[in-house]
>>> print(open('coords10.txt').read())   # compact mmCIF, C-alpha atoms
# COMPACT_ATOMS: atom_id res chain seq x y z
CA MET A 15 93.43 -16.98 -47.46
CA LEU A 16 96.62 -17.83 -45.61
CA ALA A 17 94.78 -20.59 -43.86
CA ARG A 18 93.46 -22.02 -47.12
CA ASN A 19 96.85 -22.57 -48.59
CA PRO A 20 99.24 -22.77 -45.68
CA SER A 21 102.94 -22.89 -46.41
CA GLY A 22 106.18 -21.94 -44.70
CA LEU A 23 106.05 -19.10 -42.24
CA ALA A 24 102.38 -18.42 -42.90
CA GLN A 25 101.57 -21.95 -41.81
CA GLN A 26 103.64 -21.51 -38.67
CA VAL A 27 101.76 -18.38 -37.70
CA VAL A 28 98.35 -19.74 -38.55
CA THR A 29 98.77 -23.09 -36.84
CA ASN A 30 100.32 -21.65 -33.68
CA LYS A 31 97.34 -19.37 -33.46
CA GLY A 32 95.08 -22.43 -33.69
CA THR A 33 96.73 -24.08 -30.70
CA GLN A 34 96.60 -20.85 -28.75
CA THR A 35 92.91 -20.45 -29.51
CA LEU A 36 92.14 -23.87 -28.12
CA ARG A 37 94.39 -23.40 -25.13
CA ALA A 38 92.82 -20.06 -24.34
CA ALA A 39 89.37 -21.58 -24.69
CA ARG A 40 90.28 -24.37 -22.36
CA GLU A 41 92.01 -22.23 -19.78
CA GLY A 42 89.01 -19.94 -19.65
CA ARG A 43 86.84 -22.88 -18.85
CA MET A 44 89.35 -24.56 -16.57
CA ALA A 45 89.87 -21.54 -14.34
CA ASN A 46 87.76 -23.04 -11.59
CA ASP A 47 88.05 -26.61 -12.67
CA VAL A 48 90.53 -29.42 -12.88
CA ALA A 49 91.64 -30.69 -16.29
CA GLN A 50 89.99 -34.02 -16.89
CA LYS A 51 90.45 -36.49 -19.66
CA ASP A 52 86.76 -36.60 -20.40
CA ASP A 53 86.94 -32.93 -21.21
CA LYS A 54 86.20 -32.29 -24.88
CA LEU A 55 88.50 -29.29 -25.03
CA TYR A 56 91.36 -31.41 -23.74
CA TRP A 57 91.02 -33.76 -26.69
CA ALA A 58 90.58 -30.89 -29.15
CA GLU A 59 93.81 -29.43 -27.81
CA GLN A 60 95.64 -32.73 -28.28
CA MET A 61 94.39 -32.77 -31.90
CA ALA A 62 95.76 -29.25 -32.42
CA LEU A 63 99.14 -30.37 -31.06
CA VAL A 64 99.21 -33.30 -33.45
CA ARG A 65 98.28 -31.04 -36.33
CA ASP A 66 100.67 -28.20 -35.53
CA SER A 67 103.76 -29.99 -34.28
CA GLN A 68 103.24 -33.72 -34.96
CA ASN A 69 103.31 -34.04 -31.18
CA ARG A 70 103.81 -37.71 -30.35
CA ALA A 71 102.78 -37.42 -26.69
CA ALA A 72 99.50 -35.77 -27.63
CA PHE A 73 98.87 -38.48 -30.20
CA ALA A 74 99.69 -41.16 -27.62
CA ALA A 75 97.07 -39.66 -25.31
CA LEU A 76 94.48 -39.69 -28.10
CA TYR A 77 95.50 -43.23 -28.99
CA GLY A 78 95.18 -44.52 -25.44
CA HIS A 79 91.70 -43.09 -25.14
CA PHE A 80 90.19 -43.65 -28.57
CA ALA A 81 91.89 -46.67 -30.18
CA PRO A 82 90.35 -49.21 -27.73
CA ARG A 83 86.95 -47.60 -28.27
CA VAL A 84 87.29 -47.82 -32.04
CA LYS A 85 88.34 -51.46 -31.69
CA GLY A 86 85.31 -52.18 -29.53
CA PHE A 87 83.06 -50.46 -32.08
CA LEU A 88 84.50 -52.57 -34.91
CA MET A 89 84.15 -55.80 -32.93
CA LYS A 90 80.52 -55.00 -32.16
CA SER A 91 80.09 -54.41 -35.89
CA GLY A 92 81.20 -57.95 -36.66
CA ALA A 93 84.99 -57.78 -37.05
CA ASP A 94 87.08 -60.43 -35.30
CA ALA A 95 89.75 -59.26 -32.86
CA SER A 96 92.64 -59.29 -35.31
CA LEU A 97 90.78 -57.43 -38.09
CA ALA A 98 89.45 -54.94 -35.52
CA GLU A 99 93.00 -54.36 -34.26
CA GLU A 100 94.31 -53.80 -37.78
CA VAL A 101 91.50 -51.44 -38.81
CA SER A 102 91.73 -49.51 -35.51
CA GLN A 103 95.40 -48.86 -36.23
CA GLU A 104 94.46 -47.62 -39.71
CA VAL A 105 91.78 -45.37 -38.24
CA MET A 106 94.28 -43.85 -35.80
CA ALA A 107 96.84 -43.39 -38.59
CA THR A 108 94.12 -41.51 -40.49
CA VAL A 109 93.56 -39.35 -37.40
CA TRP A 110 97.24 -38.37 -37.59
CA HIS A 111 97.33 -37.77 -41.34
CA LYS A 112 94.04 -35.87 -41.45
CA ALA A 113 94.55 -33.86 -38.26
CA HIS A 114 94.36 -30.68 -40.37
CA MET A 115 90.79 -31.65 -41.35
CA PHE A 116 89.51 -31.75 -37.78
CA ASP A 117 87.33 -28.71 -37.13
CA PRO A 118 86.57 -28.13 -33.42
CA THR A 119 83.75 -25.74 -34.30
CA ARG A 120 81.87 -28.58 -36.03
CA ALA A 121 82.57 -31.75 -34.08
CA SER A 122 84.04 -33.16 -30.91
CA VAL A 123 87.13 -35.33 -31.37
CA ALA A 124 84.99 -38.36 -30.43
CA THR A 125 82.51 -37.56 -33.20
CA TRP A 126 85.21 -36.96 -35.77
CA ILE A 127 86.95 -40.24 -34.95
CA PHE A 128 83.61 -42.02 -34.90
CA THR A 129 82.90 -40.95 -38.49
CA ILE A 130 86.36 -42.10 -39.62
CA ALA A 131 85.80 -45.47 -37.94
CA ARG A 132 82.33 -45.77 -39.44
CA ASN A 133 83.67 -45.06 -42.93
CA ARG A 134 86.40 -47.69 -42.54
CA LYS A 135 83.79 -50.13 -41.30
CA ILE A 136 81.82 -49.69 -44.53
CA ASP A 137 84.97 -49.85 -46.69
CA VAL A 138 86.64 -52.83 -45.03
CA LEU A 139 84.02 -54.85 -43.18
CA ARG A 140 81.23 -54.50 -45.71
CA LYS A 141 83.43 -53.96 -48.75
CA ALA A 142 80.75 -51.66 -50.10
CA ARG A 143 81.01 -48.43 -52.05
CA ARG A 144 80.31 -45.49 -49.81
CA PRO A 145 78.30 -42.78 -51.56
CA GLU A 146 79.22 -39.36 -50.18
CA PRO A 147 77.28 -36.09 -50.44
CA GLU A 148 78.63 -33.23 -52.50
CA ASP A 149 81.27 -31.22 -50.69
CA LEU A 150 80.11 -28.07 -49.06
CA PRO A 151 81.58 -24.88 -50.47
CA TRP A 152 83.37 -24.19 -47.18
CA GLY A 153 86.27 -26.19 -45.79
CA PRO A 154 87.71 -26.72 -42.34
CA GLU A 155 90.73 -24.50 -42.95
CA GLU A 156 89.35 -21.29 -41.50
CA GLU A 157 90.89 -20.59 -38.12
CA PRO A 158 88.44 -21.70 -35.45
CA ASP A 159 86.74 -18.99 -33.46
CA GLN A 160 87.29 -19.47 -29.73
CA ALA A 161 83.67 -18.91 -28.75
CA GLU A 162 82.45 -21.32 -31.41
CA VAL A 163 84.92 -23.97 -30.26
CA MET A 164 83.74 -23.56 -26.68
CA ALA A 165 80.08 -23.69 -27.66
CA LEU A 166 80.39 -26.82 -29.78
CA GLN A 167 82.57 -28.72 -27.31
CA GLN A 168 80.28 -27.82 -24.41
CA GLU A 169 77.24 -28.91 -26.39
CA SER A 170 78.95 -32.25 -26.98
CA GLU A 171 79.49 -32.67 -23.25
CA GLN A 172 75.86 -31.80 -22.64
CA LEU A 173 74.81 -34.44 -25.17
CA GLY A 174 77.02 -37.01 -23.45
CA ARG A 175 75.38 -36.28 -20.09
CA ALA A 176 71.91 -36.43 -21.63
CA LEU A 177 72.76 -39.82 -23.15
CA ALA A 178 73.98 -41.08 -19.77
CA ASP A 179 70.75 -39.87 -18.15
CA LEU A 180 68.45 -41.78 -20.51
CA PRO A 181 66.36 -44.56 -18.97
CA ALA A 182 68.21 -47.85 -19.45
CA PRO A 183 65.86 -49.41 -22.05
CA GLN A 184 66.10 -46.32 -24.28
CA ARG A 185 69.84 -46.00 -23.86
CA GLU A 186 70.40 -49.66 -24.74
CA LEU A 187 68.52 -49.23 -28.01
CA ILE A 188 70.58 -46.17 -28.92
CA GLN A 189 73.71 -48.23 -28.24
CA LYS A 190 72.46 -51.04 -30.45
CA ALA A 191 71.54 -48.64 -33.24
CA TYR A 192 75.13 -47.34 -33.34
CA PHE A 193 77.16 -50.29 -32.13
CA GLY A 194 75.46 -53.34 -33.52
CA ASP A 195 75.39 -52.59 -37.24
CA LEU A 196 71.67 -53.20 -36.95
CA THR A 197 68.65 -51.62 -38.55
CA HIS A 198 65.60 -51.16 -36.37
CA SER A 199 64.04 -54.32 -37.86
CA GLU A 200 67.17 -56.30 -37.05
CA ILE A 201 67.19 -54.92 -33.51
CA ALA A 202 63.60 -56.15 -33.23
CA ALA A 203 64.63 -59.62 -34.37
CA GLU A 204 67.60 -59.68 -31.99
CA THR A 205 65.83 -58.42 -28.90
CA GLY A 206 62.46 -60.07 -29.52
CA LEU A 207 60.79 -56.71 -28.94
CA PRO A 208 58.08 -55.68 -31.40
CA LEU A 209 59.31 -53.26 -34.08
CA GLY A 210 56.77 -50.67 -32.90
CA THR A 211 58.25 -50.77 -29.38
CA ILE A 212 61.78 -50.30 -30.73
CA LYS A 213 60.73 -47.36 -32.86
CA SER A 214 58.78 -45.66 -30.08
CA ARG A 215 61.61 -46.14 -27.55
CA ILE A 216 64.15 -44.66 -29.93
CA ARG A 217 61.75 -41.82 -30.71
CA LEU A 218 61.33 -41.15 -26.97
CA ALA A 219 65.09 -41.26 -26.49
CA LEU A 220 65.62 -38.73 -29.29
CA GLU A 221 62.89 -36.48 -27.84
CA ARG A 222 64.61 -36.54 -24.46
CA LEU A 223 67.99 -35.78 -26.02
CA ARG A 224 66.52 -32.91 -28.05
CA HIS A 225 64.82 -31.55 -24.95
CA ALA A 226 68.07 -31.76 -22.99
CA MET A 227 69.89 -29.86 -25.74
CA LYS A 228 67.45 -26.92 -25.75
CA MET B 24 69.65 -21.57 -55.03
CA GLU B 25 67.84 -24.83 -54.50
CA ARG B 26 64.12 -24.77 -53.82
CA GLN B 27 62.70 -25.20 -50.34
CA ILE B 28 62.45 -28.92 -49.63
CA ASN B 29 59.29 -29.99 -47.82
CA HIS B 30 59.71 -33.76 -47.44
CA HIS B 31 62.83 -34.90 -45.64
CA LEU B 32 64.64 -38.06 -44.60
CA THR B 33 63.37 -39.74 -41.42
CA ASP B 34 65.30 -39.85 -38.14
CA GLU B 35 65.58 -43.61 -38.54
CA ILE B 36 67.30 -43.31 -41.91
CA LEU B 37 69.64 -40.50 -40.84
CA MET B 38 70.58 -42.43 -37.71
CA GLY B 39 71.26 -45.53 -39.79
CA TYR B 40 73.47 -43.51 -42.15
CA ALA B 41 75.35 -41.99 -39.20
CA ALA B 42 75.91 -45.46 -37.77
CA GLY B 43 76.93 -46.98 -41.10
CA ALA B 44 74.17 -49.56 -40.76
CA LEU B 45 72.24 -48.98 -44.00
CA PRO B 46 72.50 -50.94 -47.24
CA GLU B 47 74.44 -49.21 -50.00
CA ALA B 48 71.34 -48.19 -51.99
CA PHE B 49 69.94 -46.37 -48.95
CA ASN B 50 73.28 -44.65 -48.36
CA LEU B 51 73.10 -43.48 -51.98
CA MET B 52 69.65 -41.98 -51.35
CA VAL B 53 70.89 -40.21 -48.23
CA ALA B 54 74.01 -38.87 -49.96
CA ALA B 55 71.93 -37.63 -52.91
CA HIS B 56 69.39 -35.93 -50.64
CA LEU B 57 72.07 -34.32 -48.43
CA SER B 58 73.62 -32.86 -51.57
CA LEU B 59 70.37 -30.88 -52.00
CA CYS B 60 69.27 -30.38 -48.40
CA ASP B 61 71.25 -28.44 -45.79
CA GLU B 62 68.60 -29.08 -43.17
CA CYS B 63 69.09 -32.85 -43.30
CA ARG B 64 72.84 -32.33 -43.43
CA ALA B 65 72.62 -30.50 -40.12
CA ARG B 66 70.36 -33.21 -38.68
CA LEU B 67 72.90 -35.83 -39.77
CA ALA B 68 75.63 -33.91 -37.93
CA ALA B 69 73.54 -34.25 -34.75
CA PHE B 70 73.20 -38.01 -35.26
CA GLU B 71 76.94 -38.28 -35.86
CA ALA B 72 77.52 -36.32 -32.65
CA LEU B 73 75.36 -38.87 -30.86
CA GLY B 74 77.49 -41.64 -32.39
CA GLY B 75 80.58 -39.91 -31.03
CA GLU B 76 79.06 -39.81 -27.56
CA VAL B 77 78.15 -43.49 -27.71
CA LEU B 78 81.74 -44.22 -28.77
CA GLU B 79 83.18 -42.13 -25.95
CA THR B 80 80.86 -42.96 -23.05
CA GLU B 81 79.76 -46.56 -23.47
CA CYS B 82 82.76 -48.05 -21.73
CA GLU B 83 81.52 -51.63 -21.82
CA PHE B 84 82.50 -51.80 -25.50
CA VAL B 85 86.10 -50.74 -24.97
CA SER B 86 88.51 -53.41 -26.23
CA GLU B 87 92.20 -53.22 -25.30
CA MET B 88 94.65 -52.82 -28.16
CA ASN B 89 97.36 -55.47 -28.61
CA PRO B 90 100.83 -55.01 -27.07
CA GLY B 91 103.04 -53.05 -29.46
CA SER B 92 99.98 -51.57 -31.14
CA PHE B 93 101.04 -47.95 -30.75
CA ASP B 94 104.48 -48.53 -32.27
CA ALA B 95 102.91 -50.46 -35.13
CA THR B 96 100.62 -47.50 -35.79
CA MET B 97 103.54 -45.04 -35.71
CA ALA B 98 105.28 -47.25 -38.29
CA LEU B 99 102.10 -47.18 -40.39
CA ILE B 100 102.06 -43.39 -40.11
CA ALA B 101 105.71 -43.19 -41.16
CA GLY B 102 104.73 -44.99 -44.38
CA GLY B 103 102.64 -41.95 -45.33
CA PRO B 104 98.92 -41.54 -45.95
CA ALA B 105 97.06 -43.99 -48.18
CA GLU B 106 96.50 -42.73 -51.70
CA PRO B 107 93.00 -41.26 -51.84
CA ALA B 108 90.72 -43.10 -54.26
CA GLN B 109 90.42 -41.25 -57.55
CA ARG B 110 86.89 -40.20 -58.32
CA PRO B 111 85.85 -38.94 -61.74
CA ALA B 112 85.10 -35.23 -61.72
CA ARG B 113 81.51 -34.33 -60.91
CA GLN B 114 79.60 -31.90 -63.07
CA THR B 115 77.90 -28.91 -61.58
CA GLY B 116 74.45 -27.89 -62.75
CA SER B 117 73.40 -31.45 -63.54
CA ILE B 118 70.02 -32.64 -62.31
CA LEU B 119 71.92 -35.62 -60.90
CA PRO B 120 73.55 -34.79 -57.55
CA GLY B 121 77.27 -35.71 -57.38
CA PRO B 122 76.89 -39.10 -55.65
CA LEU B 123 74.42 -40.20 -58.35
CA GLN B 124 76.77 -39.09 -61.12
CA ASP B 125 79.35 -41.43 -59.56
CA TYR B 126 76.96 -44.36 -60.02
CA VAL B 127 75.70 -43.45 -63.49
CA GLY B 128 79.22 -42.81 -64.73
CA THR B 129 78.44 -39.45 -66.26
CA ASP B 130 75.43 -37.22 -66.42
CA LEU B 131 71.81 -37.99 -67.32
CA SER B 132 72.87 -38.61 -70.92
CA GLY B 133 74.79 -41.70 -69.74
CA VAL B 134 71.76 -43.38 -68.15
CA LYS B 135 70.83 -46.68 -69.82
CA TRP B 136 67.06 -46.60 -69.61
CA LYS B 137 64.93 -49.73 -69.99
CA PRO B 138 61.20 -49.41 -70.72
CA VAL B 139 58.89 -51.01 -68.17
CA GLY B 140 55.58 -50.16 -69.90
CA MET B 141 53.18 -47.22 -70.12
CA GLY B 142 56.06 -44.94 -71.11
CA VAL B 143 57.76 -45.48 -67.76
CA LYS B 144 61.48 -46.26 -67.94
CA GLN B 145 63.98 -47.29 -65.32
CA ALA B 146 67.69 -47.80 -64.88
CA ILE B 147 68.91 -50.02 -62.06
CA LEU B 148 72.06 -48.71 -60.42
CA PRO B 149 74.83 -51.06 -59.35
CA THR B 150 74.63 -51.27 -55.55
CA GLY B 151 75.41 -54.08 -53.11
CA ASP B 152 73.11 -56.49 -51.34
CA GLY B 153 70.19 -55.61 -49.12
CA ALA B 154 68.45 -52.98 -51.21
CA THR B 155 68.13 -51.79 -54.79
CA ALA B 156 68.42 -48.32 -56.29
CA ARG B 157 67.07 -47.22 -59.62
CA LEU B 158 66.32 -44.11 -61.57
CA LEU B 159 62.75 -43.82 -62.78
CA PHE B 160 61.50 -41.82 -65.74
CA ILE B 161 57.76 -41.09 -65.70
CA PRO B 162 56.33 -39.13 -68.66
CA ALA B 163 54.59 -35.88 -67.70
CA GLY B 164 51.06 -36.59 -66.54
CA ALA B 165 51.53 -40.37 -66.50
CA ALA B 166 50.72 -42.57 -63.53
CA MET B 167 53.08 -45.02 -61.95
CA PRO B 168 51.63 -48.52 -61.91
CA ASP B 169 49.65 -49.07 -58.71
CA HIS B 170 51.77 -50.96 -56.30
CA GLY B 171 51.98 -51.86 -52.65
CA HIS B 172 55.18 -52.21 -50.68
CA HIS B 173 57.02 -54.66 -48.57
CA GLY B 174 59.79 -53.16 -46.50
CA THR B 175 60.77 -49.53 -46.96
CA GLU B 176 60.78 -47.55 -50.19
CA MET B 177 62.10 -44.02 -50.61
CA THR B 178 61.58 -41.96 -53.74
CA MET B 179 63.28 -38.61 -54.32
CA VAL B 180 62.35 -36.28 -57.16
CA LEU B 181 65.25 -35.06 -59.31
CA GLN B 182 63.28 -33.41 -62.13
CA GLY B 183 59.61 -32.50 -62.50
CA ALA B 184 57.23 -33.47 -59.73
CA PHE B 185 54.68 -36.06 -58.73
CA GLN B 186 51.52 -36.13 -56.74
CA ASP B 187 50.10 -38.97 -54.71
CA GLU B 188 46.87 -39.16 -52.75
CA ASP B 189 48.21 -36.94 -49.97
CA ASP B 190 51.05 -34.75 -51.12
CA TYR B 191 53.03 -33.01 -53.84
CA PHE B 192 56.72 -33.88 -54.32
CA ALA B 193 59.20 -31.76 -56.29
CA ARG B 194 62.99 -31.67 -56.65
CA GLY B 195 64.72 -32.84 -53.47
CA ASP B 196 61.55 -34.06 -51.78
CA VAL B 197 61.66 -37.62 -50.48
CA GLU B 198 58.59 -39.76 -50.20
CA VAL B 199 58.98 -42.54 -47.64
CA ALA B 200 56.57 -45.45 -48.05
CA GLY B 201 56.28 -48.33 -45.63
CA SER B 202 54.59 -51.69 -46.05
CA ASP B 203 51.24 -50.13 -45.13
CA THR B 204 51.36 -47.71 -48.06
CA HIS B 205 49.41 -48.43 -51.21
CA HIS B 206 49.47 -45.58 -53.61
CA THR B 207 49.36 -44.37 -57.20
CA PRO B 208 51.71 -41.45 -57.78
CA VAL B 209 51.06 -39.34 -60.87
CA ALA B 210 53.74 -37.24 -62.56
CA ASP B 211 53.05 -33.50 -62.80
CA ILE B 212 51.75 -32.49 -66.22
CA HIS B 213 54.38 -29.77 -66.82
CA GLU B 214 57.49 -31.87 -67.16
CA ASP B 215 58.67 -35.48 -67.38
CA CYS B 216 59.49 -36.70 -63.90
CA ILE B 217 62.82 -38.30 -63.01
CA CYS B 218 63.23 -39.86 -59.58
CA LEU B 219 65.69 -41.89 -57.58
CA ALA B 220 63.89 -44.79 -55.92
CA VAL B 221 65.40 -47.20 -53.41
CA THR B 222 63.77 -50.16 -51.73
CA ASP B 223 64.89 -52.94 -49.42
CA ALA B 224 62.33 -55.36 -50.84
CA PRO B 225 60.96 -56.12 -54.32
CA LEU B 226 58.00 -53.93 -55.23
CA GLN B 227 54.73 -55.85 -55.52
CA PHE B 228 52.81 -54.78 -58.56
CA ASP B 229 49.13 -55.60 -58.84
CA GLY B 230 47.86 -57.56 -61.79
CA PHE B 231 49.12 -60.42 -63.90
CA VAL B 232 50.90 -58.41 -66.59
CA HIS B 233 52.81 -56.39 -64.04
CA LYS B 234 53.82 -59.56 -62.25
CA LEU B 235 55.32 -60.77 -65.52
CA VAL B 236 57.00 -57.43 -66.11
CA GLN B 237 58.36 -57.52 -62.61
CA ARG B 238 59.90 -60.91 -63.17
CA TRP B 239 62.22 -59.75 -65.91
CA ALA B 240 62.46 -56.04 -65.23
CA ARG B 241 63.64 -56.59 -61.64
CA ILE B 242 61.34 -53.88 -60.35
>>> encode(input="coords10.txt", output="structure tokens")
Amino acid sequence: MLARNPSGLAQQVVTNKGTQTLRAAREGRMANDVAQKDDKLYWAEQMALVRDSQNRAAFAALYGHFAPRVKGFLMKSGADASLAEEVSQEVMATVWHKAHMFDPTRASVATWIFTIARNRKIDVLRKARRPEPEDLPWGPEEEPDQAEVMALQQESEQLGRALADLPAPQRELIQKAYFGDLTHSEIAAETGLPLGTIKSRIRLALERLRHAMK
Amino acid sequence: MERQINHHLTDEILMGYAAGALPEAFNLMVAAHLSLCDECRARLAAFEALGGEVLETECEFVSEMNPGSFDATMALIAGGPAEPAQRPARQTGSILPGPLQDYVGTDLSGVKWKPVGMGVKQAILPTGDGATARLLFIPAGAAMPDHGHHGTEMTMVLQGAFQDEDDYFARGDVEVAGSDTHHTPVADIHEDCICLAVTDAPLQFDGFVHKLVQRWARI
């Protein structure tokens, strides 16, 4: 219950524990390894530092890695460079303000930031209402369990490798599905491939990814 | 406890929702279904994870931020978080999932039904371009007018049930019909059926009278 309504000393204790959990998780994994910036736990730890101590250096690291990716995503979605720059800054400001919402047992930092960027894309680029499902009865405030954090972040790395290992034609279609603001029919029109080919390639790609995640 | 849902959203639709590539009416269908279906919610999380990996690993899309960008963002942060948009409270226990209540304004009692013949009523919901969303009311035991499809149509049951040539659909079930589908759903005899239906193309009704109806009912 402390975690649900953090204040004062309770917050201090709870949030320090969060950072320690992540650090312990990472050190366990890093024992025979070198810290690398493509390491999911590294980014999760930077998020915890932003959340717990408004750590500017940790935020700068996140910014350097993710802001240019968000900008690229927005430009591929149809924003011009100046709008993409502006919205990317807003997305990263949201990352700071909502750091307490990031749950490393449910998403990698990349995934969490991707969903924020996607939502801003719908709000700003499409100027559309964005229907959202009902909230689940649980929130992200529970202190993350170290084993769960490890498991989720390692799964994310596994998914990243599986994506990189896809045959080029399948991987390109996955990219287009996420980074082109295109439906499958629109991808068909853009690439000149028959819709059936697009659908079967994406289906094959998803089968491979699912197989790799077993 | 919600019932077991047997007919789910497709990978294509969940992927499109994860990517933010669907028209608003389709997003409304997904949000309404996810409110009833934990299985699809978990599948969506996997598609969002894939989006995160595309964001992180596809380096060709990286676009450098402008000089001074970081300081500008820190100044933005110092201004405090944006005020969250106020959303009217959602009712629990309604047959309308929360996201649909947002579009109707209130609960089922606030729906402005328009008759479209044979006892069938509809209410078109205000969504943006690219697809339309409407609530359908089909009296118990009544048939929907026979119609073919262009594009994609999804129908989710909110109350009652309906049967088509192949399957039975009850609360939370989504029927996905493509342009090759030509069917005549019939509402279950036990209760009036209320559905959410979305389509990215106008429905094509057979027959002269239905063509006329279609012209002014915007089916």
>>> atom_distance(input="coords10.txt", atom1="atom CA of Glu81 of chain B", atom2="atom CA of Val101 of chain A")
19.9 Å
>>> atom_distance(input="coords10.txt", atom1="atom CA of Ile36 of chain B", atom2="atom CA of Glu99 of chain A")
29.0 Å
>>> closest_atom_pairs(input="coords10.txt", of="chain A", to="chain B", cutoff="7 Å", atoms="all atoms listed in the file", output="Markdown table")
| residue | atom | partner | partner_atom | distance |
| --- | --- | --- | --- | --- |
| A:Pro82 | CA | B:Ser86 | CA | 4.8 |
| A:Arg83 | CA | B:Val85 | CA | 4.6 |
| A:Lys85 | CA | B:Ser86 | CA | 5.8 |
| A:Gly86 | CA | B:Ser86 | CA | 4.8 |
| A:Phe87 | CA | B:Phe84 | CA | 6.7 |
| A:Glu99 | CA | B:Met88 | CA | 6.5 |
| A:Gln103 | CA | B:Thr96 | CA | 5.4 |
| A:Ala107 | CA | B:Ile100 | CA | 5.4 |
| A:His111 | CA | B:Pro104 | CA | 6.2 |
| A:Ala121 | CA | B:Ala72 | CA | 7.0 |
| A:Ala124 | CA | B:Gly75 | CA | 4.7 |
| A:Thr125 | CA | B:Gly75 | CA | 3.7 |
| A:Phe128 | CA | B:Gly75 | CA | 5.3 |
| A:Arg132 | CA | B:Gly43 | CA | 5.8 |
| A:Ile136 | CA | B:Gly43 | CA | 6.6 |
| A:Ala142 | CA | B:Gly151 | CA | 6.6 |
| A:Arg143 | CA | B:Glu47 | CA | 6.9 |
| A:Arg144 | CA | B:Glu47 | CA | 7.0 |
| A:Pro145 | CA | B:Leu51 | CA | 5.3 |
| A:Glu146 | CA | B:Ala54 | CA | 5.2 |
| A:Pro147 | CA | B:Ala54 | CA | 4.3 |
| A:Glu148 | CA | B:Ser58 | CA | 5.1 |
| A:Gly174 | CA | B:Glu76 | CA | 5.4 |
| A:Gln189 | CA | B:Val77 | CA | 6.5 |
| A:Tyr192 | CA | B:Ala42 | CA | 4.9 |
| A:Asp195 | CA | B:Ala44 | CA | 4.8 |
| A:Leu196 | CA | B:Ala44 | CA | 5.8 |
| A:Thr197 | CA | B:Ala44 | CA | 6.3 |
>>> residues_around(input="coords10.txt", residues="Glu214 of chain B", least_positions_apart="5", cutoff="12 Å", atoms="all atoms listed in the file", output="list in words")
Phe160, Ile161, Pro162, Ala163, Gly164, Ala165, Val180, Leu181, Gln182, Gly183, Ala184, Phe185, Ala193, Arg194 and Val209 of chain B
>>> atom_distance(input="coords10.txt", atom1="atom CA of Arg140 of chain A", atom2="atom CA of Ala154 of chain B")
14.0 Å
>>> closest_residue(input="coords10.txt", among="B:Val134, B:Ser117, B:Glu188, B:Met141", to="Leu158 of chain B", atoms="only C-alpha atoms")
B:Val134
>>> residues_around(input="coords10.txt", residues="Lys228 of chain A", least_positions_apart="4", cutoff="12 Å", atoms="only C-alpha atoms", output="short mmCIF file (atom, residue, chain, number, x, y, z; two decimals) with C-alpha atoms, keeping the file's coordinate frame")
data_model
loop_
_atom_site.label_atom_id
_atom_site.label_comp_id
_atom_site.auth_asym_id
_atom_site.auth_seq_id
_atom_site.Cartn_x
_atom_site.Cartn_y
_atom_site.Cartn_z
CA GLU A 169 77.24 -28.91 -26.39
CA GLN A 172 75.86 -31.80 -22.64
CA LEU A 173 74.81 -34.44 -25.17
CA ALA A 176 71.91 -36.43 -21.63
CA GLU A 221 62.89 -36.48 -27.84
CA ARG A 222 64.61 -36.54 -24.46
CA LEU A 223 67.99 -35.78 -26.02
CA ARG A 224 66.52 -32.91 -28.05
#
